[in-house]
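Visitor: Sharing a structure, written as structure tokens. Questions coming.
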Amino acid sequence: MNESILSNYSRRDALKTISTGFGYLAFAGLATEKALATSVTSARGPHFPARAKRVIFACMRGGPSHVDTFDHKPNLLRDDGKTTSFGNRKLLGSPFKFSRHGKSGLPISELFPHLAKQADKLCLLNGMHADAPVHPQCFLQLHTGSFQFVRPSMGAWVSYGLGTENQDLPGFVTIKPPTRVGGAQNYGSAFIPAVYQGTAIGNLNTDIKDASIGNLSNKSLGSGLQRKQIDLIQSMNRNLGKEKPGDRRIDGVIKSYELAYRMQSSVPDLLDLSDESQSMRDLYGLDKAATSDFGRQCLLARRMAEAGVRYIEVTHANWDQHNSLRGKLKTNCMATDQPLTALLTDLSQRGMLEETLVVWGGEFGRTPHVKRPDGRDHNSSGFSFWMAGGGVRGGMRHGATDLHGIAAVEDKMHFHDLHATILHLLGLDHERLTYNYAGRDFRLTDVFGKVATKILA
């Protein structure tokens, strides 16, 4: 590097010039305070043979009603209108018909006619429960394992544990994450290296067609000048590294800048769906108003999974039906049913479903008893998730709530159990996947969590 340039262009000045584009990406979310000896995103081996290589989490923000979707309760329908001891409320039987589907005979609501055809791929988790029936706390607990403290997110832990299969892409991507109910904490890395936090594409308030990754492009410099700029900065960083041997933070910054620079060329192509066939567009419902937005999310998730991203989250809202249950729940299910089915079908046809764990669920469920005639309230004592692919047994129901769907009573799964099971399917022992911070080894599942071995294929 020309010494005259270095003498007139200080490292601080150089850093100021890259406050946009890849430089900002690196400092905002890709720089790491403790880089690994190898590339911070290199693929790493699991603790034991994995059943799944990656996760796609379909997050239904707001809390879907389990008793109207995947938890059939004949007794609730039988006792419709009866008064309960819960605040003198009346039970509301589901207004939607359940039928058995597939060879397994899984009972699924008429709200999911497309997904019902995939019944033999689904593992219904009907014994889910959590700690707090309020959105911010429960949503954070779903994503980080804790609603009391700032902790690394599930995706960050997976990325930290396994790295990415593609050095030009981050290990964790979240599509249209909520700006409220915890915000960036839901995909943050907290005290583990920041390189593992989720890369956000848009937010819930943005149509996915208009969404992008912030600061991905540099409007001030072309690629040639930008490459020269990063070469200058990297030269300065390497010189600083020589002055401070053993400081792995500097190596982390260097690698973060390179990843951010590579993302500028790889990510735009990944987000561009113009090369998808009409049959693929039809499969995901991209050209229909009801399914276009979530369909694009699901198709992007498949493309990212295929490209080597380790953990992808897609989000749909709002499932918080305190009123207008019949109309609003039907609208939500219509928006997600075909895209989710397309995702499972597409992954299966490409031979990817066996190694891709697809997870569906929200922060809690809804009450079977109501205080309004057409709405259900929050219920964290019992609700449903489902899984497919990734080493999970299909066509089965695991766990159960009571006769009316109020509380989980059989094979109960707390969020810590859910997290432990997901990590296990990825070949990670949730008790061994730890990070030492402030003198303590932290883990996603805190101090408990049990793998649901019954659902393993």
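To be explicit about the labels: the chains of the structure tokens are called A, B, and onward in the order shown, and within each one the residues are counted from 1, while ligands get numbers from 1 in the order they are shown.
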Would you list, as a ChimeraX atom specification, the residues of stretch 122-192 of chain A that end up in strand (DSSP E or B) under DSSP run on this structure's backbone?

Guide: /A:122-129,172-175

Visitor: What's around A:Ile175 at 8 Å? Count only C-alpha atoms, leave out sequence neighbours fewer than 6 positions away in its own chain, and write the answer as a CSV table (one decimal) with N, CA and C atoms, in the first residue's frame.

Guide:
```
chain,number,residue,atom,x,y,z
A,200,ALA,N,-31.6,-9.1,9.0
A,200,ALA,CA,-33.0,-8.9,8.8
A,200,ALA,C,-33.3,-8.4,7.4
A,201,ILE,N,-34.3,-8.9,6.8
A,201,ILE,CA,-34.8,-8.4,5.5
A,201,ILE,C,-36.2,-7.8,5.7
A,202,GLY,N,-36.3,-6.5,5.6
A,202,GLY,CA,-37.5,-5.8,5.8
A,202,GLY,C,-38.0,-5.9,7.3
A,203,ASN,N,-39.3,-5.7,7.4
A,203,ASN,CA,-40.0,-5.9,8.7
A,203,ASN,C,-41.5,-6.1,8.5
A,297,GLN,N,-42.2,-15.0,1.0
A,297,GLN,CA,-41.3,-15.3,2.1
A,297,GLN,C,-40.9,-16.8,2.1
A,312,ILE,N,-33.4,-19.9,9.0
A,312,ILE,CA,-34.3,-18.9,8.3
A,312,ILE,C,-35.6,-18.8,9.0
A,313,GLU,N,-36.0,-17.6,9.3
A,313,GLU,CA,-37.3,-17.4,9.9
A,313,GLU,C,-38.1,-16.5,9.0
A,314,VAL,N,-39.4,-16.9,8.8
A,314,VAL,CA,-40.4,-16.1,8.1
A,314,VAL,C,-41.5,-15.8,9.1
A,315,THR,N,-42.1,-14.7,8.9
A,315,THR,CA,-43.1,-14.2,9.9
A,315,THR,C,-44.4,-13.8,9.3
```

Visitor: Could you pull the residues within 7 Å of A:Leu343, counting only C-alpha atoms, minus those fewer than 6 positions along the same chain, as a ChimeraX atom specification?

Guide: /A:298-299,302

Visitor: At a cut-off of 12 Å, can you tabulate as CSV every residue of stretch 83-169 of chain A near stretch 422-427 of chain A together with its closest atom pair and the distance in Å to one decimal, using only C-alpha atoms and ordering rows by chain then number?

Guide:
```
residue,atom,partner,partner_atom,distance
A:Met154,CA,A:Leu423,CA,9.2
A:Gly155,CA,A:Leu423,CA,10.4
A:Ala156,CA,A:Leu423,CA,11.9
A:Trp157,CA,A:Leu423,CA,9.1
A:Val158,CA,A:Leu423,CA,7.4
A:Ser159,CA,A:Leu426,CA,11.0
A:Tyr160,CA,A:Leu423,CA,11.8
A:Gly161,CA,A:Leu423,CA,9.3
A:Leu162,CA,A:Leu426,CA,8.6
A:Gly163,CA,A:Leu426,CA,11.8
```

Visitor: For the selection you just gave me, I'd like the residues written to a file as a PDB file, in the first residue's frame, keeping N, CA and C atoms.

Guide:
```
ATOM      1  N   MET A 154     -32.444 -17.977  19.248  1.00  0.00           N
ATOM      2  CA  MET A 154     -32.325 -19.362  18.780  1.00  0.00           C
ATOM      3  C   MET A 154     -31.478 -19.441  17.510  1.00  0.00           C
ATOM      4  N   GLY A 155     -31.781 -18.580  16.533  1.00  0.00           N
ATOM      5  CA  GLY A 155     -31.028 -18.592  15.284  1.00  0.00           C
ATOM      6  C   GLY A 155     -29.564 -18.280  15.480  1.00  0.00           C
ATOM      7  N   ALA A 156     -29.270 -17.364  16.419  1.00  0.00           N
ATOM      8  CA  ALA A 156     -27.880 -17.009  16.704  1.00  0.00           C
ATOM      9  C   ALA A 156     -27.132 -18.188  17.315  1.00  0.00           C
ATOM     10  N   TRP A 157     -27.802 -18.928  18.211  1.00  0.00           N
ATOM     11  CA  TRP A 157     -27.173 -20.104  18.804  1.00  0.00           C
ATOM     12  C   TRP A 157     -26.878 -21.166  17.738  1.00  0.00           C
ATOM     13  N   VAL A 158     -27.820 -21.373  16.833  1.00  0.00           N
ATOM     14  CA  VAL A 158     -27.613 -22.368  15.776  1.00  0.00           C
ATOM     15  C   VAL A 158     -26.462 -21.951  14.871  1.00  0.00           C
ATOM     16  N   SER A 159     -26.440 -20.677  14.503  1.00  0.00           N
ATOM     17  CA  SER A 159     -25.367 -20.168  13.653  1.00  0.00           C
ATOM     18  C   SER A 159     -24.019 -20.264  14.359  1.00  0.00           C
ATOM     19  N   TYR A 160     -24.006 -19.957  15.633  1.00  0.00           N
ATOM     20  CA  TYR A 160     -22.790 -20.062  16.437  1.00  0.00           C
ATOM     21  C   TYR A 160     -22.316 -21.510  16.520  1.00  0.00           C
ATOM     22  N   GLY A 161     -23.271 -22.425  16.682  1.00  0.00           N
ATOM     23  CA  GLY A 161     -22.901 -23.827  16.848  1.00  0.00           C
ATOM     24  C   GLY A 161     -22.467 -24.517  15.577  1.00  0.00           C
ATOM     25  N   LEU A 162     -23.080 -24.142  14.440  1.00  0.00           N
ATOM     26  CA  LEU A 162     -22.826 -24.870  13.199  1.00  0.00           C
ATOM     27  C   LEU A 162     -22.208 -24.043  12.082  1.00  0.00           C
ATOM     28  N   GLY A 163     -22.254 -22.710  12.191  1.00  0.00           N
ATOM     29  CA  GLY A 163     -21.752 -21.881  11.100  1.00  0.00           C
ATOM     30  C   GLY A 163     -22.686 -21.941   9.907  1.00  0.00           C
TER      31      GLY A 163
END
```

Visitor: Mind checking DSSP for stretch 138-368 of chain A and telling me the helix (DSSP H, G or I) residues as JSON, numbers by chain?

Guide: {"A": [138, 139, 140, 141, 142, 143, 144, 154, 155, 156, 157, 158, 159, 160, 161, 162, 183, 184, 185, 186, 187, 194, 195, 196, 208, 209, 210, 223, 224, 225, 226, 227, 228, 229, 230, 231, 232, 233, 234, 235, 236, 237, 238, 239, 240, 241, 242, 243, 248, 249, 250, 251, 252, 253, 254, 255, 256, 257, 258, 259, 260, 261, 262, 263, 264, 265, 266, 267, 268, 269, 270, 271, 278, 279, 280, 281, 282, 283, 284, 292, 293, 294, 295, 296, 297, 298, 299, 300, 301, 302, 303, 304, 305, 306, 307, 325, 326, 327, 328, 329, 330, 331, 332, 333, 334, 335, 336, 337, 338, 339, 340, 341, 342, 343, 344, 345, 346, 347, 348, 349, 353, 354, 355]}

Visitor: Keeping C-alpha atoms for every residue in the selection just given, could you write it to a file as a short mmCIF file (atom, residue, chain, number, x, y, z; two decimals), in the first residue's frame?

Guide:
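Listed below is the output, selection09.cif:
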```cif
data_model
loop_
_atom_site.label_atom_id
_atom_site.label_comp_id
_atom_site.auth_asym_id
_atom_site.auth_seq_id
_atom_site.Cartn_x
_atom_site.Cartn_y
_atom_site.Cartn_z
CA CYS A 138 -43.76 -14.91 25.53
CA PHE A 139 -42.50 -13.87 22.09
CA LEU A 140 -39.03 -13.24 23.55
CA GLN A 141 -39.10 -16.54 25.40
CA LEU A 142 -39.98 -18.33 22.17
CA HIS A 143 -37.02 -16.73 20.41
CA THR A 144 -34.38 -16.51 23.15
CA MET A 154 -32.32 -19.36 18.78
CA GLY A 155 -31.03 -18.59 15.28
CA ALA A 156 -27.88 -17.01 16.70
CA TRP A 157 -27.17 -20.10 18.80
CA VAL A 158 -27.61 -22.37 15.78
CA SER A 159 -25.37 -20.17 13.65
CA TYR A 160 -22.79 -20.06 16.44
CA GLY A 161 -22.90 -23.83 16.85
CA LEU A 162 -22.83 -24.87 13.20
CA GLY A 183 -37.77 -6.03 18.24
CA ALA A 184 -34.17 -6.88 17.37
CA GLN A 185 -33.75 -8.96 20.53
CA ASN A 186 -35.72 -11.71 18.78
CA TYR A 187 -32.90 -12.19 16.29
CA ALA A 194 -22.33 -10.27 16.79
CA VAL A 195 -21.55 -12.06 13.54
CA TYR A 196 -24.10 -14.68 14.57
CA ILE A 208 -41.85 -8.32 1.06
CA LYS A 209 -41.66 -7.12 -2.56
CA ASP A 210 -40.28 -3.81 -1.26
CA SER A 223 -17.60 -1.76 -6.87
CA GLY A 224 -14.10 -1.02 -8.14
CA LEU A 225 -13.51 1.94 -5.84
CA GLN A 226 -15.18 0.12 -3.00
CA ARG A 227 -12.81 -2.81 -3.42
CA LYS A 228 -9.86 -0.40 -3.26
CA GLN A 229 -11.36 1.17 -0.18
CA ILE A 230 -11.74 -2.11 1.65
CA ASP A 231 -8.21 -3.12 0.60
CA LEU A 232 -6.96 0.05 2.26
CA ILE A 233 -8.92 -0.58 5.44
CA GLN A 234 -7.86 -4.23 5.56
CA SER A 235 -4.23 -3.21 5.14
CA MET A 236 -4.59 -0.91 8.13
CA ASN A 237 -6.29 -3.64 10.12
CA ARG A 238 -3.54 -6.12 9.32
CA ASN A 239 -0.90 -3.59 10.38
CA LEU A 240 -2.79 -3.08 13.62
CA GLY A 241 -2.90 -6.84 14.03
CA LYS A 242 0.89 -6.97 13.81
CA GLU A 243 1.11 -4.34 16.54
CA ARG A 248 -8.51 -12.00 17.73
CA ARG A 249 -10.98 -9.13 17.57
CA ILE A 250 -8.97 -7.59 14.75
CA ASP A 251 -9.09 -10.82 12.76
CA GLY A 252 -12.83 -10.85 13.37
CA VAL A 253 -13.25 -7.36 11.92
CA ILE A 254 -11.22 -8.28 8.84
CA LYS A 255 -13.35 -11.35 8.16
CA SER A 256 -16.57 -9.46 8.86
CA TYR A 257 -15.70 -6.84 6.24
CA GLU A 258 -14.98 -9.52 3.69
CA LEU A 259 -18.27 -11.32 4.38
CA ALA A 260 -20.20 -8.05 4.11
CA TYR A 261 -18.47 -7.28 0.81
CA ARG A 262 -19.28 -10.74 -0.57
CA MET A 263 -22.89 -10.35 0.51
CA GLN A 264 -23.25 -7.34 -1.77
CA SER A 265 -22.89 -9.54 -4.82
CA SER A 266 -24.54 -12.75 -3.58
CA VAL A 267 -27.63 -11.49 -1.73
CA PRO A 268 -29.30 -9.44 -4.51
CA ASP A 269 -29.38 -12.49 -6.78
CA LEU A 270 -30.82 -14.57 -3.96
CA LEU A 271 -33.64 -12.06 -3.38
CA GLN A 278 -44.50 -19.67 -13.64
CA SER A 279 -45.25 -23.11 -12.23
CA MET A 280 -43.19 -22.25 -9.16
CA ARG A 281 -44.97 -18.91 -8.81
CA ASP A 282 -48.30 -20.72 -9.02
CA LEU A 283 -47.20 -23.29 -6.46
CA TYR A 284 -46.43 -20.62 -3.85
CA SER A 292 -48.44 -13.28 -2.47
CA ASP A 293 -46.59 -11.82 0.52
CA PHE A 294 -46.18 -14.94 2.64
CA GLY A 295 -45.67 -17.02 -0.49
CA ARG A 296 -42.66 -14.87 -1.38
CA GLN A 297 -41.30 -15.33 2.12
CA CYS A 298 -41.58 -19.10 1.87
CA LEU A 299 -39.99 -19.19 -1.58
CA LEU A 300 -37.14 -16.98 -0.35
CA ALA A 301 -36.71 -19.34 2.59
CA ARG A 302 -36.35 -22.32 0.22
CA ARG A 303 -33.82 -20.42 -1.91
CA MET A 304 -31.80 -19.47 1.16
CA ALA A 305 -31.90 -23.01 2.52
CA GLU A 306 -30.70 -24.29 -0.83
CA ALA A 307 -27.94 -21.67 -0.88
CA LEU A 325 -62.31 -14.86 15.17
CA ARG A 326 -64.23 -16.44 12.32
CA GLY A 327 -63.26 -13.88 9.71
CA LYS A 328 -59.72 -12.94 10.80
CA LEU A 329 -58.53 -16.48 11.52
CA LYS A 330 -59.88 -17.64 8.17
CA THR A 331 -57.99 -14.80 6.43
CA ASN A 332 -54.73 -15.67 8.19
CA CYS A 333 -55.00 -19.34 7.39
CA MET A 334 -55.82 -18.59 3.76
CA ALA A 335 -52.70 -16.42 3.51
CA THR A 336 -50.39 -19.11 4.88
CA ASP A 337 -51.92 -22.47 3.97
CA GLN A 338 -50.87 -22.67 0.31
CA PRO A 339 -47.38 -21.15 0.82
CA LEU A 340 -46.56 -23.52 3.69
CA THR A 341 -47.75 -26.48 1.64
CA ALA A 342 -45.71 -25.25 -1.31
CA LEU A 343 -42.62 -25.04 0.90
CA LEU A 344 -43.00 -28.64 2.09
CA THR A 345 -43.74 -29.84 -1.45
CA ASP A 346 -40.84 -27.92 -2.98
CA LEU A 347 -38.34 -29.11 -0.37
CA SER A 348 -39.56 -32.68 -0.78
CA GLN A 349 -39.27 -32.61 -4.58
CA LEU A 353 -37.01 -31.99 3.32
CA GLU A 354 -35.25 -34.87 5.04
CA GLU A 355 -32.44 -32.54 6.04
#
```

Visitor: Each residue of stretch 107-200 of chain A with at least one atom at most 9 Å from stretch 61-71 of chain A should appear once, together with its nearest atom pair and the corresponding distance in Å (one decimal); atoms considered: only C-alpha atoms; ordering: chain, then increasing residue number; output as CSV.

Guide:
```
residue,atom,partner,partner_atom,distance
A:Pro107,CA,A:Phe70,CA,7.0
A:Ile108,CA,A:Phe70,CA,5.3
A:Ser109,CA,A:Thr69,CA,4.9
A:Glu110,CA,A:Thr69,CA,8.0
A:Leu111,CA,A:Thr69,CA,6.8
A:Phe112,CA,A:Thr69,CA,7.6
A:Leu124,CA,A:Phe70,CA,7.2
A:Leu125,CA,A:Phe70,CA,8.9
A:Asn126,CA,A:Asp71,CA,6.4
A:His135,CA,A:Gly62,CA,7.0
A:Phe139,CA,A:Arg61,CA,7.9
A:Pro178,CA,A:Arg61,CA,8.2
```
